[in-house]
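This is coords_7.txt (compact mmCIF, C-alpha atoms and all ligand atoms).
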```txt
# COMPACT_ATOMS: atom_id res chain seq x y z
CA MET A 1 2.72 -0.76 40.18
CA LEU A 2 3.74 1.77 37.49
CA GLU A 3 1.29 1.93 34.61
CA GLN A 4 2.97 1.60 31.16
CA LYS A 5 2.36 4.59 28.88
CA ARG A 6 0.27 3.80 25.81
CA LYS A 7 2.37 4.14 22.64
CA ARG A 8 1.35 6.81 20.14
CA ALA A 9 1.66 6.35 16.37
CA PHE A 10 1.26 8.86 13.55
CA LEU A 11 0.33 7.46 10.12
CA THR A 12 0.31 9.19 6.77
CA GLY A 13 -1.84 7.36 4.20
CA ILE A 14 -4.20 6.00 6.88
CA SER A 15 -7.14 6.08 4.44
CA GLY A 16 -5.28 3.84 1.95
CA GLN A 17 -5.11 0.07 1.79
CA ASP A 18 -2.04 -0.35 4.02
CA GLY A 19 -2.97 2.48 6.36
CA SER A 20 -6.29 0.82 7.17
CA TYR A 21 -4.68 -2.54 8.00
CA LEU A 22 -1.88 -0.90 9.97
CA ALA A 23 -4.32 1.24 11.99
CA GLU A 24 -6.30 -1.90 12.85
CA PHE A 25 -3.11 -3.73 13.81
CA LEU A 26 -1.81 -0.91 16.04
CA LEU A 27 -5.18 -0.47 17.76
CA SER A 28 -5.15 -4.22 18.49
CA LYS A 29 -1.80 -3.60 20.22
CA ASP A 30 -3.35 -0.84 22.33
CA TYR A 31 -1.67 2.08 20.52
CA GLU A 32 -3.14 5.54 20.31
CA VAL A 33 -3.35 6.11 16.54
CA HIS A 34 -3.26 9.48 14.76
CA GLY A 35 -3.82 9.56 11.01
CA LEU A 36 -3.33 12.22 8.36
CA ILE A 37 -6.27 12.60 5.99
CA ARG A 38 -6.89 14.91 3.05
CA LYS A 39 -9.96 17.01 2.47
CA HIS A 40 -12.12 15.41 -0.23
CA SER A 41 -15.45 16.44 -1.67
CA ILE A 42 -16.70 13.07 -0.39
CA PHE A 43 -15.55 11.36 2.83
CA GLY A 44 -12.76 9.17 1.43
CA THR A 45 -12.36 7.30 4.73
CA GLU A 46 -14.40 4.19 3.88
CA ARG A 47 -11.53 1.80 4.64
CA ILE A 48 -11.26 3.02 8.23
CA ALA A 49 -14.92 3.82 8.89
CA HIS A 50 -15.25 0.65 11.00
CA LEU A 51 -12.45 1.93 13.30
CA TYR A 52 -13.94 5.36 13.78
CA GLN A 53 -14.84 6.50 17.29
CA ASP A 54 -16.87 9.53 18.18
CA PRO A 55 -14.32 12.15 19.34
CA HIS A 56 -16.65 13.11 22.20
CA GLU A 57 -16.44 9.62 23.71
CA PRO A 58 -13.87 9.01 26.50
CA ASP A 59 -10.69 7.01 25.71
CA VAL A 60 -10.63 7.79 21.99
CA ARG A 61 -7.70 5.91 20.46
CA LEU A 62 -8.07 6.84 16.77
CA SER A 63 -7.85 10.51 15.76
CA LEU A 64 -7.83 11.88 12.22
CA HIS A 65 -6.12 15.15 11.27
CA TYR A 66 -6.47 17.10 8.04
CA GLY A 67 -3.25 17.79 6.17
CA ASP A 68 -1.24 17.06 3.07
CA LEU A 69 2.28 15.88 2.31
CA ASN A 70 2.65 18.97 0.17
CA ASP A 71 2.16 21.26 3.17
CA GLY A 72 5.26 21.03 5.37
CA SER A 73 4.17 23.60 7.93
CA ASN A 74 1.06 21.59 8.68
CA LEU A 75 3.11 18.38 9.13
CA THR A 76 5.46 20.16 11.54
CA ALA A 77 2.59 21.58 13.58
CA LEU A 78 0.80 18.24 13.75
CA LEU A 79 3.86 16.32 14.89
CA LYS A 80 4.60 18.92 17.56
CA GLU A 81 1.06 18.59 18.84
CA ILE A 82 0.90 14.77 18.71
CA GLN A 83 4.46 13.93 19.85
CA PRO A 84 4.32 10.38 18.46
CA ASP A 85 6.58 7.50 19.47
CA GLU A 86 6.40 6.00 15.97
CA VAL A 87 5.77 7.54 12.54
CA TYR A 88 4.63 5.34 9.64
CA HIS A 89 4.93 7.16 6.34
CA LEU A 90 2.57 5.42 3.91
CA GLY A 91 1.03 8.39 2.10
CA ALA A 92 1.84 8.62 -1.61
CA GLN A 93 0.51 8.93 -5.13
CA SER A 94 1.01 5.19 -5.43
CA HIS A 95 -0.09 4.37 -8.99
CA VAL A 96 2.76 3.73 -11.42
CA LYS A 97 0.83 4.47 -14.62
CA VAL A 98 -0.63 7.65 -13.13
CA SER A 99 2.92 8.76 -12.28
CA PHE A 100 3.69 8.85 -16.03
CA LEU A 101 0.62 11.05 -16.51
CA ASN A 102 1.28 13.30 -13.46
CA PRO A 103 5.06 13.10 -12.95
CA ILE A 104 5.59 16.44 -11.24
CA TYR A 105 2.78 15.94 -8.76
CA THR A 106 3.98 12.40 -8.02
CA VAL A 107 7.56 13.47 -7.37
CA GLU A 108 6.39 16.43 -5.26
CA THR A 109 4.26 14.19 -3.08
CA ASP A 110 6.26 10.96 -2.90
CA GLY A 111 9.76 12.47 -3.03
CA LEU A 112 9.64 15.95 -1.50
CA GLY A 113 6.65 15.00 0.67
CA THR A 114 8.88 12.44 2.38
CA LEU A 115 11.59 15.02 2.93
CA ARG A 116 9.04 17.43 4.42
CA LEU A 117 7.95 14.74 6.87
CA LEU A 118 11.53 13.80 7.78
CA GLU A 119 12.28 17.46 8.46
CA ALA A 120 9.22 17.69 10.71
CA VAL A 121 10.40 14.56 12.56
CA ARG A 122 13.92 15.96 12.94
CA GLY A 123 12.51 19.13 14.49
CA LEU A 124 10.98 17.19 17.42
CA GLY A 125 12.78 17.09 20.73
CA ASN A 126 12.24 13.38 21.28
CA GLN A 127 12.68 11.83 17.87
CA PRO A 128 10.12 9.11 17.09
CA ARG A 129 11.00 5.93 15.22
CA TYR A 130 10.26 6.27 11.51
CA TYR A 131 9.03 3.83 8.84
CA GLN A 132 9.36 4.63 5.12
CA ALA A 133 7.09 2.82 2.63
CA SER A 134 9.69 2.00 0.02
CA SER A 135 8.88 -0.11 -2.99
CA SER A 136 10.13 -2.99 -5.12
CA GLU A 137 9.45 -0.64 -8.05
CA MET A 138 12.81 0.90 -7.18
CA TYR A 139 14.52 -2.22 -8.55
CA GLY A 140 12.86 -1.65 -11.93
CA LEU A 141 15.01 -3.15 -14.65
CA ALA A 142 16.93 -5.11 -12.03
CA ALA A 143 20.08 -7.03 -12.85
CA GLU A 144 19.09 -10.06 -10.74
CA VAL A 145 16.11 -12.18 -9.72
CA PRO A 146 15.20 -12.43 -6.90
CA GLN A 147 15.86 -8.91 -5.69
CA ARG A 148 17.28 -8.43 -2.21
CA GLU A 149 18.55 -5.47 -0.14
CA SER A 150 21.92 -5.53 -1.95
CA THR A 151 20.37 -5.41 -5.47
CA SER A 152 21.00 -2.09 -7.27
CA PHE A 153 18.07 0.16 -8.03
CA HIS A 154 17.16 0.90 -11.64
CA PRO A 155 13.87 2.80 -11.35
CA CYS A 156 11.81 3.08 -14.51
CA SER A 157 8.85 5.35 -13.71
CA PRO A 158 8.47 8.80 -12.12
CA TYR A 159 6.92 6.99 -9.14
CA ALA A 160 9.94 4.72 -8.74
CA CYS A 161 12.40 7.62 -9.13
CA ALA A 162 10.57 9.51 -6.38
CA LYS A 163 10.64 6.42 -4.15
CA VAL A 164 14.41 6.03 -4.69
CA PHE A 165 14.85 9.66 -3.61
CA ALA A 166 12.70 9.03 -0.51
CA PHE A 167 14.61 5.80 0.25
CA TRP A 168 17.95 7.61 0.27
CA GLN A 169 16.60 10.56 2.25
CA THR A 170 15.51 8.08 4.90
CA VAL A 171 18.97 6.48 4.96
CA ASN A 172 20.52 9.94 5.06
CA TYR A 173 18.46 11.04 8.09
CA ARG A 174 19.38 7.78 9.81
CA GLU A 175 23.09 8.33 9.21
CA ALA A 176 23.23 12.11 9.64
CA TYR A 177 20.87 12.57 12.60
CA ALA A 178 20.89 9.10 14.24
CA LEU A 179 17.16 8.80 13.51
CA HIS A 180 15.72 5.31 14.05
CA ALA A 181 14.51 5.22 10.42
CA SER A 182 13.87 2.03 8.43
CA ASN A 183 12.86 1.34 4.85
CA GLY A 184 10.47 -1.49 4.10
CA ILE A 185 11.13 -2.44 0.49
CA MET A 186 7.72 -3.92 -0.06
CA PHE A 187 6.80 -6.04 -3.04
CA ASN A 188 3.21 -5.86 -4.30
CA HIS A 189 0.63 -6.58 -1.64
CA GLU A 190 -3.08 -6.79 -2.20
CA SER A 191 -6.35 -7.39 -0.37
CA PRO A 192 -10.08 -6.88 -0.69
CA ARG A 193 -9.29 -3.23 0.22
CA ARG A 194 -6.88 -2.72 -2.70
CA GLY A 195 -7.64 0.33 -4.84
CA GLU A 196 -9.78 -0.66 -7.82
CA THR A 197 -7.36 0.61 -10.46
CA PHE A 198 -4.54 -1.77 -9.43
CA VAL A 199 -4.54 -4.85 -11.59
CA THR A 200 -5.46 -7.51 -9.01
CA ARG A 201 -8.50 -5.66 -7.75
CA LYS A 202 -9.46 -4.59 -11.25
CA ILE A 203 -9.55 -8.30 -12.12
CA SER A 204 -11.39 -9.49 -9.00
CA ARG A 205 -14.00 -6.73 -9.34
CA ALA A 206 -14.55 -7.38 -13.05
CA ALA A 207 -14.61 -11.19 -12.83
CA THR A 208 -17.28 -11.12 -10.11
CA ARG A 209 -19.33 -8.46 -11.88
CA ILE A 210 -19.14 -10.47 -15.11
CA LYS A 211 -20.28 -13.56 -13.20
CA LEU A 212 -23.39 -11.68 -12.06
CA GLY A 213 -24.08 -10.15 -15.47
CA LEU A 214 -23.13 -6.60 -14.40
CA GLN A 215 -20.27 -6.24 -16.90
CA GLU A 216 -19.36 -7.86 -20.23
CA ARG A 217 -15.62 -7.39 -20.71
CA LEU A 218 -12.44 -6.61 -18.80
CA TYR A 219 -9.96 -4.33 -20.57
CA LEU A 220 -6.39 -4.80 -19.39
CA GLY A 221 -2.89 -3.84 -20.51
CA ASN A 222 0.13 -6.14 -20.60
CA LEU A 223 -0.71 -9.64 -19.31
CA GLU A 224 2.85 -10.94 -19.15
CA PRO A 225 4.56 -8.95 -16.33
CA GLN A 226 5.25 -11.02 -13.24
CA ARG A 227 4.73 -9.69 -9.74
CA ASP A 228 5.43 -11.06 -6.27
CA TRP A 229 1.95 -10.67 -4.76
CA GLY A 230 1.37 -10.99 -1.01
CA PHE A 231 -1.44 -10.09 1.41
CA ALA A 232 -1.39 -6.53 2.79
CA GLY A 233 -2.45 -7.70 6.27
CA ASP A 234 0.76 -9.74 6.54
CA TYR A 235 2.91 -6.84 5.33
CA VAL A 236 1.79 -4.25 7.88
CA GLU A 237 3.00 -6.52 10.67
CA ALA A 238 6.47 -6.37 9.10
CA MET A 239 6.33 -2.53 9.22
CA TRP A 240 5.66 -2.63 12.93
CA LEU A 241 8.32 -5.28 13.57
CA MET A 242 10.94 -3.08 11.86
CA LEU A 243 10.29 -0.30 14.36
CA GLN A 244 10.54 -2.69 17.33
CA GLN A 245 14.16 -3.63 16.49
CA ASP A 246 16.99 -2.08 18.51
CA GLU A 247 18.70 -0.86 15.35
CA PRO A 248 17.06 0.60 12.22
CA ASP A 249 17.72 -1.08 8.87
CA ASP A 250 16.26 -1.68 5.40
CA TYR A 251 14.28 -4.84 4.66
CA VAL A 252 12.80 -6.53 1.61
CA ILE A 253 9.30 -7.82 2.33
CA ALA A 254 8.04 -10.34 -0.24
CA THR A 255 6.67 -13.85 -0.67
CA GLY A 256 9.53 -15.05 -2.91
CA GLU A 257 7.03 -16.28 -5.53
CA SER A 258 5.97 -14.46 -8.65
CA HIS A 259 3.07 -14.91 -11.06
CA CYS A 260 2.12 -13.10 -14.25
CA VAL A 261 -1.04 -11.03 -14.70
CA ARG A 262 -2.41 -13.74 -17.03
CA GLU A 263 -2.11 -16.34 -14.24
CA PHE A 264 -3.96 -14.03 -11.86
CA CYS A 265 -6.78 -13.77 -14.44
CA GLU A 266 -6.84 -17.52 -14.99
CA LEU A 267 -7.17 -18.26 -11.28
CA ALA A 268 -9.63 -15.45 -10.49
CA PHE A 269 -12.03 -16.28 -13.35
CA GLY A 270 -11.48 -20.02 -12.76
CA LEU A 271 -12.72 -19.70 -9.16
CA LEU A 272 -16.00 -18.47 -10.68
CA ASP A 273 -16.09 -21.28 -13.28
CA LEU A 274 -15.32 -18.81 -16.06
CA ASP A 275 -12.57 -18.83 -18.70
CA TYR A 276 -10.76 -15.48 -18.64
CA LYS A 277 -10.03 -15.78 -22.40
CA ASP A 278 -13.74 -15.25 -23.11
CA PHE A 279 -13.79 -11.89 -21.33
CA VAL A 280 -10.35 -10.25 -21.11
CA VAL A 281 -9.43 -7.85 -23.91
CA VAL A 282 -5.97 -6.33 -24.20
CA ASP A 283 -6.23 -2.57 -24.60
CA PRO A 284 -3.01 -0.60 -25.35
CA ARG A 285 -4.50 2.32 -23.39
CA TYR A 286 -3.31 0.51 -20.27
CA PHE A 287 0.25 -0.08 -21.49
CA ARG A 288 3.01 1.87 -19.75
CA PRO A 289 5.85 3.74 -21.49
CA LEU A 290 8.22 1.36 -19.72
CA GLU A 291 7.32 -1.97 -18.12
CA ILE A 292 9.00 -4.09 -15.42
CA ASP A 293 8.93 -7.73 -16.55
CA VAL A 294 9.70 -9.54 -13.29
CA LEU A 295 9.62 -8.54 -9.64
CA GLN A 296 10.40 -11.28 -7.16
CA GLY A 297 11.81 -10.64 -3.70
CA ASP A 298 14.02 -12.43 -1.23
CA ALA A 299 12.88 -11.55 2.30
CA SER A 300 15.56 -13.59 4.10
CA ARG A 301 16.85 -10.63 6.11
CA ALA A 302 13.43 -9.95 7.65
CA ARG A 303 12.95 -13.67 8.36
CA ILE A 304 16.33 -14.01 10.05
CA LYS A 305 16.26 -10.69 11.97
CA PHE A 306 12.69 -10.77 13.28
CA GLY A 307 11.05 -13.96 12.06
CA TRP A 308 8.72 -12.44 9.47
CA THR A 309 7.24 -14.77 6.86
CA PRO A 310 4.06 -14.33 4.81
CA LYS A 311 1.03 -16.31 6.00
CA VAL A 312 -1.38 -16.00 3.06
CA SER A 313 -0.53 -17.90 -0.17
CA PHE A 314 -1.15 -16.64 -3.71
CA LYS A 315 -4.19 -18.91 -4.14
CA GLU A 316 -5.60 -17.88 -0.75
CA LEU A 317 -5.13 -14.21 -1.65
CA VAL A 318 -6.97 -14.51 -4.97
CA THR A 319 -9.73 -16.53 -3.30
CA MET A 320 -10.10 -13.93 -0.53
CA MET A 321 -10.44 -11.12 -3.09
CA ILE A 322 -12.91 -13.02 -5.25
CA GLU A 323 -15.08 -13.97 -2.26
CA SER A 324 -15.16 -10.40 -1.01
CA ASP A 325 -15.88 -8.89 -4.42
CA LEU A 326 -18.60 -11.44 -5.11
CA GLU A 327 -20.42 -10.17 -2.03
CA LEU A 328 -19.89 -6.59 -3.23
CA ALA A 329 -21.22 -7.44 -6.70
CA LYS A 330 -24.29 -9.09 -5.17
CA ARG A 331 -25.03 -5.92 -3.19
CA GLU A 332 -24.44 -3.84 -6.30
CA LYS A 333 -26.91 -6.01 -8.23
CA LEU A 334 -29.55 -5.57 -5.54
CA LEU A 335 -29.05 -1.80 -5.65
CA LEU A 336 -29.31 -1.80 -9.43
CA GLU A 337 -32.53 -3.80 -9.26
CA ALA A 338 -33.84 -1.23 -6.80
CA GLY A 339 -33.09 1.54 -9.31
CA TYR A 340 -29.78 2.92 -7.98
CA ALA A 341 -26.93 3.72 -10.40
CA SER A 342 -23.94 1.40 -10.78
CA THR A 343 -20.22 2.28 -10.68
CA VAL A 344 -17.91 1.78 -13.65
CA ASN A 345 -14.15 1.35 -13.39
CA SER A 346 -12.54 3.31 -16.18
CA GLY A 347 -9.26 3.87 -14.31
CA TYR A 348 -5.73 2.76 -15.17
P1 LIG A 401 -2.94 3.61 -1.47
O1 LIG A 401 -4.05 2.67 -1.13
O2 LIG A 401 -2.89 4.26 -2.80
O3 LIG A 401 -2.98 4.76 -0.34
C1 LIG A 401 -2.23 5.93 -0.49
C2 LIG A 401 -2.52 6.84 0.69
O4 LIG A 401 -1.73 8.04 0.53
C3 LIG A 401 -3.99 7.28 0.80
O5 LIG A 401 -4.34 7.34 2.15
C4 LIG A 401 -3.94 8.68 0.19
O6 LIG A 401 -4.95 9.52 0.68
C5 LIG A 401 -2.60 9.17 0.71
N1 LIG A 401 -2.10 10.32 -0.04
C6 LIG A 401 -1.95 10.45 -1.39
N2 LIG A 401 -1.50 11.67 -1.70
C7 LIG A 401 -1.36 12.34 -0.53
C8 LIG A 401 -0.95 13.66 -0.20
N3 LIG A 401 -0.58 14.54 -1.13
N4 LIG A 401 -0.94 14.01 1.11
C9 LIG A 401 -1.31 13.13 2.06
N5 LIG A 401 -1.72 11.87 1.80
C10 LIG A 401 -1.74 11.48 0.53
O7 LIG A 401 -1.52 2.92 -1.24
P2 LIG A 401 -1.16 1.59 -0.43
O8 LIG A 401 -1.26 0.44 -1.35
O9 LIG A 401 -1.86 1.58 0.87
O10 LIG A 401 0.41 1.82 -0.21
C11 LIG A 401 0.90 2.49 0.94
C12 LIG A 401 2.31 2.99 0.67
O11 LIG A 401 3.15 1.88 0.37
C13 LIG A 401 2.47 3.95 -0.51
O12 LIG A 401 3.49 4.86 -0.17
C14 LIG A 401 2.91 3.06 -1.65
O13 LIG A 401 3.64 3.81 -2.59
C15 LIG A 401 3.77 2.07 -0.89
N6 LIG A 401 3.87 0.74 -1.47
C16 LIG A 401 2.75 0.02 -1.74
C17 LIG A 401 2.86 -1.27 -2.22
C18 LIG A 401 1.63 -2.10 -2.52
O14 LIG A 401 1.78 -3.11 -3.23
N7 LIG A 401 0.48 -1.76 -2.00
C19 LIG A 401 4.13 -1.83 -2.43
C20 LIG A 401 5.25 -1.06 -2.14
C21 LIG A 401 5.12 0.21 -1.64
P3 LIG A 401 -6.37 9.66 -0.08
O15 LIG A 401 -7.21 8.52 0.45
O16 LIG A 401 -6.83 10.98 0.38
O17 LIG A 401 -6.12 9.58 -1.54
N1 LIG A 402 -3.01 -1.09 -12.97
C1 LIG A 402 -3.07 -1.87 -14.04
N2 LIG A 402 -4.18 -1.81 -14.85
N3 LIG A 402 -2.04 -2.70 -14.30
C2 LIG A 402 -2.15 -3.51 -15.38
C3 LIG A 402 -3.26 -3.50 -16.22
C4 LIG A 402 -4.33 -2.61 -15.94
O1 LIG A 402 -5.33 -2.53 -16.63
N4 LIG A 402 -3.05 -4.44 -17.18
C5 LIG A 402 -1.87 -4.98 -16.96
N5 LIG A 402 -1.30 -4.43 -15.86
C6 LIG A 402 0.03 -4.74 -15.34
C7 LIG A 402 0.92 -3.52 -15.15
O2 LIG A 402 1.46 -3.10 -16.41
C8 LIG A 402 1.96 -4.08 -14.18
O3 LIG A 402 2.95 -4.78 -14.88
C9 LIG A 402 1.15 -5.07 -13.34
O4 LIG A 402 -0.08 -5.29 -14.05
C10 LIG A 402 0.86 -4.59 -11.94
O5 LIG A 402 0.30 -3.29 -12.02
P1 LIG A 402 -0.35 -2.58 -10.73
O6 LIG A 402 -1.33 -3.46 -10.09
O7 LIG A 402 -0.78 -1.23 -11.17
O8 LIG A 402 0.89 -2.50 -9.72
P2 LIG A 402 2.40 -2.04 -9.92
O9 LIG A 402 3.24 -3.27 -9.83
O10 LIG A 402 2.56 -1.17 -11.10
O11 LIG A 402 2.63 -1.12 -8.63
C11 LIG A 402 2.16 -1.55 -7.35
O12 LIG A 402 3.18 -2.25 -6.68
C12 LIG A 402 4.36 -1.49 -6.39
C13 LIG A 402 5.36 -2.43 -5.69
O13 LIG A 402 6.02 -3.19 -6.65
C14 LIG A 402 1.74 -0.29 -6.57
O14 LIG A 402 1.12 -0.68 -5.38
C15 LIG A 402 2.95 0.56 -6.21
O15 LIG A 402 2.53 1.62 -5.33
C16 LIG A 402 3.97 -0.33 -5.49
O16 LIG A 402 5.10 0.42 -5.14
```
For the file at hand, write its structure as structure tokens.
Amino acid sequence: MLEQKRKRAFLTGISGQDGSYLAEFLLSKDYEVHGLIRKHSIFGTERIAHLYQDPHEPDVRLSLHYGDLNDGSNLTALLKEIQPDEVYHLGAQSHVKVSFLNPIYTVETDGLGTLRLLEAVRGLGNQPRYYQASSSEMYGLAAEVPQRESTSFHPCSPYACAKVFAFWQTVNYREAYALHASNGIMFNHESPRRGETFVTRKISRAATRIKLGLQERLYLGNLEPQRDWGFAGDYVEAMWLMLQQDEPDDYVIATGESHCVREFCELAFGLLDLDYKDFVVVDPRYFRPLEIDVLQGDASRARIKFGWTPKVSFKELVTMMIESDLELAKREKLLLEAGYASTVNSGY
């Protein structure tokens, strides 16, 4: 009997929240996974440390490669060497507020970085299938709620403008070079692995630290914006499903439900028998020059085309994050009691 060749995937952003869940998912499907990582002064690979295999062992299925989206020659060389069947482009400067502070860098990385990768893909003999991590931020000041694939983009941050550029480059490479390239227009998705400067994780970390007496207050920006929050583990499956379709396309991935930041606080603190009003302080430092009031997606196309629906509810998501961060806070408290220094979140 002929043995089926193991599929090979190349991921940018493997050290990020989504990259870690996607790497886990692909390894569970017996893929060989190659991930792009940047050189840091510290490791920076904590989210995938549990997947790491010693490169000297036989049958290594996860390999990490140094590189950067701002270095096109390196991307080209890596893809030539790896010859992947599927490319998942998740790497980005992904923080909206930071994009107002570092607009040029953000557009270089998220906009031109995508084009560099697409060019590297185009240069391969056998073109791999390509996934672009597009964002609901592209809808910005949208004319309709919920937003779907046909809704016009009205980006309102440097990050969102760069993502619109990357979205259209992906469509362009699909149309011009017959590349199997799909955009996942993902609404906010969170998890215990979410970066600590995004609002959900900032809240779950602070609420649990406050519960254990490690912190007194939580300083936040605007509490009224509504977001459509899902679980990152559910969303990476949708990325993979897109690349298994015969034809490439663009898909909204969302829960269809939105909640405001205030509600997230209420639920998160409530799970710990605390009243968020006693601890949350609004600090204009965290306001953005332009805010998106409501993001809420309609993922009907993904449901109809390949049966994707979210599994984790809003309440289950908040509970999962609180439970995980409570354990983290307990460990932090033990370390503090043993004389080790604590970490402070002063990010945006
Ligand atoms: P994340 O946790 O911030 O991870 C971003 C990843 O990109 C990290 O691995 C980071 O590497 C890497 N990266 C940043 N700059 C890079 C550069 N110059 N060269 C190479 N790699 C670079 O983001 P995420 O939440 O997993 O999101 C994944 C992707 O989906 C992003 O493109 C994001 O914009 C998009 N997206 C996310 C959401 C969401 O709600 N999470 C929704 C829609 C779209 P380091 O670890 O070295 O920093
Ligand atoms: N980060 C942060 N920090 N946001 C705050 C804070 C705060 O202290 N206080 C209020 N917010 C509000 C923001 O103004 C925004 O309206 C909302 O909380 C969510 O902010 P983030 O969690 O930073 O996420 P985002 O919606 O701006 O962007 C995320 O989702 C996009 C998809 O819609 C990121 O993951 C993007 O990469 C992604 O594309």
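Once only C-alpha atoms and all ligand atoms are used for the distance check, the residues close to ligand LIG 402 (chain A) at 6 Å turn out to be Ser94, His95, Val96, Ser135, Ser136, Glu137, Phe187, Asn188, Thr197, Phe198, Val199, Thr200, Leu220, Gly221, Asn222, Leu223, Pro225, Val261, Tyr286 and Tyr348 of chain A.
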Closest of A:Ser28, A:Ser63, A:Gln17, A:Ser150 to Tyr235 in chain A, counting all atoms listed in the file, is A:Gln17
Spatial neighbours of Phe153 in chain A, max dist 7 Å, only C-alpha atoms, sep filter under 6 positions, as a ChimeraX atom specification: /A:138-140,142
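Between CA of Tyr219 in chain A and atom O17 of ligand LIG 401 (chain A) there is a distance of 23.9 Å.
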Looking at all atoms listed in the file, which of A:Pro55, A:Pro248, A:Gly44, A:Pro310 is the one that sits closest to ligand LIG 401 (chain A)? A:Gly44
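If all atoms listed in the file are the atoms counted, then among A:Glu24, A:Glu337, A:Asp18, A:Asp278 the closest residue to Tyr88 in chain A is A:Asp18.
Considering all atoms listed in the file, the residue among A:Thr45, A:Gln169, A:Ser182, A:Ser204 positioned nearest to ligand LIG 401 (chain A) is A:Thr45.
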At a cut-off of 7 Å, using all atoms listed in the file, what residues contact range 314-330 of chain A? Leave out same-chain residues fewer than 4 positions from it and give the result as JSON, numbers by chain. {"A": [191, 192, 204, 205, 208, 209, 229, 230, 231, 268, 334]}
If I only have part of range 134-150 of chain A, can you fill in N, CA and C atoms and write it as a PDB file, in the frame of the given file?
```
ATOM      1  N   SER A 134       8.938   2.124   1.271  1.00  0.00           N
ATOM      2  CA  SER A 134       9.690   2.000   0.020  1.00  0.00           C
ATOM      3  C   SER A 134       9.113   0.850  -0.802  1.00  0.00           C
ATOM      4  N   SER A 135       9.577   0.774  -2.048  1.00  0.00           N
ATOM      5  CA  SER A 135       8.880  -0.110  -2.990  1.00  0.00           C
ATOM      6  C   SER A 135       9.827  -0.941  -3.851  1.00  0.00           C
ATOM      7  N   SER A 136       9.376  -2.143  -4.185  1.00  0.00           N
ATOM      8  CA  SER A 136      10.130  -2.990  -5.120  1.00  0.00           C
ATOM      9  C   SER A 136      10.231  -2.344  -6.507  1.00  0.00           C
ATOM     10  N   GLU A 137       9.342  -1.376  -6.778  1.00  0.00           N
ATOM     11  CA  GLU A 137       9.450  -0.640  -8.050  1.00  0.00           C
ATOM     12  C   GLU A 137      10.819  -0.005  -8.221  1.00  0.00           C
ATOM     13  N   MET A 138      11.490   0.269  -7.126  1.00  0.00           N
ATOM     14  CA  MET A 138      12.810   0.900  -7.180  1.00  0.00           C
ATOM     15  C   MET A 138      13.814   0.001  -7.911  1.00  0.00           C
ATOM     16  N   TYR A 139      13.591  -1.301  -7.865  1.00  0.00           N
ATOM     17  CA  TYR A 139      14.520  -2.220  -8.550  1.00  0.00           C
ATOM     18  C   TYR A 139      14.349  -2.127 -10.067  1.00  0.00           C
ATOM     19  N   GLY A 140      13.121  -1.886 -10.509  1.00  0.00           N
ATOM     20  CA  GLY A 140      12.860  -1.650 -11.930  1.00  0.00           C
ATOM     21  C   GLY A 140      13.481  -2.699 -12.835  1.00  0.00           C
ATOM     22  N   LEU A 141      14.360  -2.226 -13.710  1.00  0.00           N
ATOM     23  CA  LEU A 141      15.010  -3.150 -14.650  1.00  0.00           C
ATOM     24  C   LEU A 141      16.206  -3.784 -13.917  1.00  0.00           C
ATOM     25  N   ALA A 142      15.899  -4.591 -12.933  1.00  0.00           N
ATOM     26  CA  ALA A 142      16.930  -5.110 -12.030  1.00  0.00           C
ATOM     27  C   ALA A 142      17.848  -6.107 -12.730  1.00  0.00           C
ATOM     28  N   ALA A 143      19.083  -6.152 -12.242  1.00  0.00           N
ATOM     29  CA  ALA A 143      20.080  -7.030 -12.850  1.00  0.00           C
ATOM     30  C   ALA A 143      19.971  -8.459 -12.331  1.00  0.00           C
ATOM     31  N   GLU A 144      19.194  -8.696 -11.266  1.00  0.00           N
ATOM     32  CA  GLU A 144      19.090 -10.060 -10.740  1.00  0.00           C
ATOM     33  C   GLU A 144      17.682 -10.373 -10.250  1.00  0.00           C
ATOM     34  N   VAL A 145      17.371 -11.665 -10.269  1.00  0.00           N
ATOM     35  CA  VAL A 145      16.110 -12.180  -9.720  1.00  0.00           C
ATOM     36  C   VAL A 145      16.500 -13.352  -8.807  1.00  0.00           C
ATOM     37  N   PRO A 146      16.041 -13.406  -7.573  1.00  0.00           N
ATOM     38  CA  PRO A 146      15.200 -12.430  -6.900  1.00  0.00           C
ATOM     39  C   PRO A 146      15.989 -11.203  -6.481  1.00  0.00           C
ATOM     40  N   GLN A 147      15.225 -10.136  -6.162  1.00  0.00           N
ATOM     41  CA  GLN A 147      15.860  -8.910  -5.690  1.00  0.00           C
ATOM     42  C   GLN A 147      15.941  -8.952  -4.163  1.00  0.00           C
ATOM     43  N   ARG A 148      17.067  -8.492  -3.658  1.00  0.00           N
ATOM     44  CA  ARG A 148      17.280  -8.430  -2.210  1.00  0.00           C
ATOM     45  C   ARG A 148      17.818  -7.037  -1.854  1.00  0.00           C
ATOM     46  N   GLU A 149      18.144  -6.811  -0.589  1.00  0.00           N
ATOM     47  CA  GLU A 149      18.550  -5.470  -0.140  1.00  0.00           C
ATOM     48  C   GLU A 149      19.792  -4.986  -0.891  1.00  0.00           C
ATOM     49  N   SER A 150      20.664  -5.914  -1.290  1.00  0.00           N
ATOM     50  CA  SER A 150      21.920  -5.530  -1.950  1.00  0.00           C
ATOM     51  C   SER A 150      21.750  -5.288  -3.459  1.00  0.00           C
TER      52      SER A 150
END
```
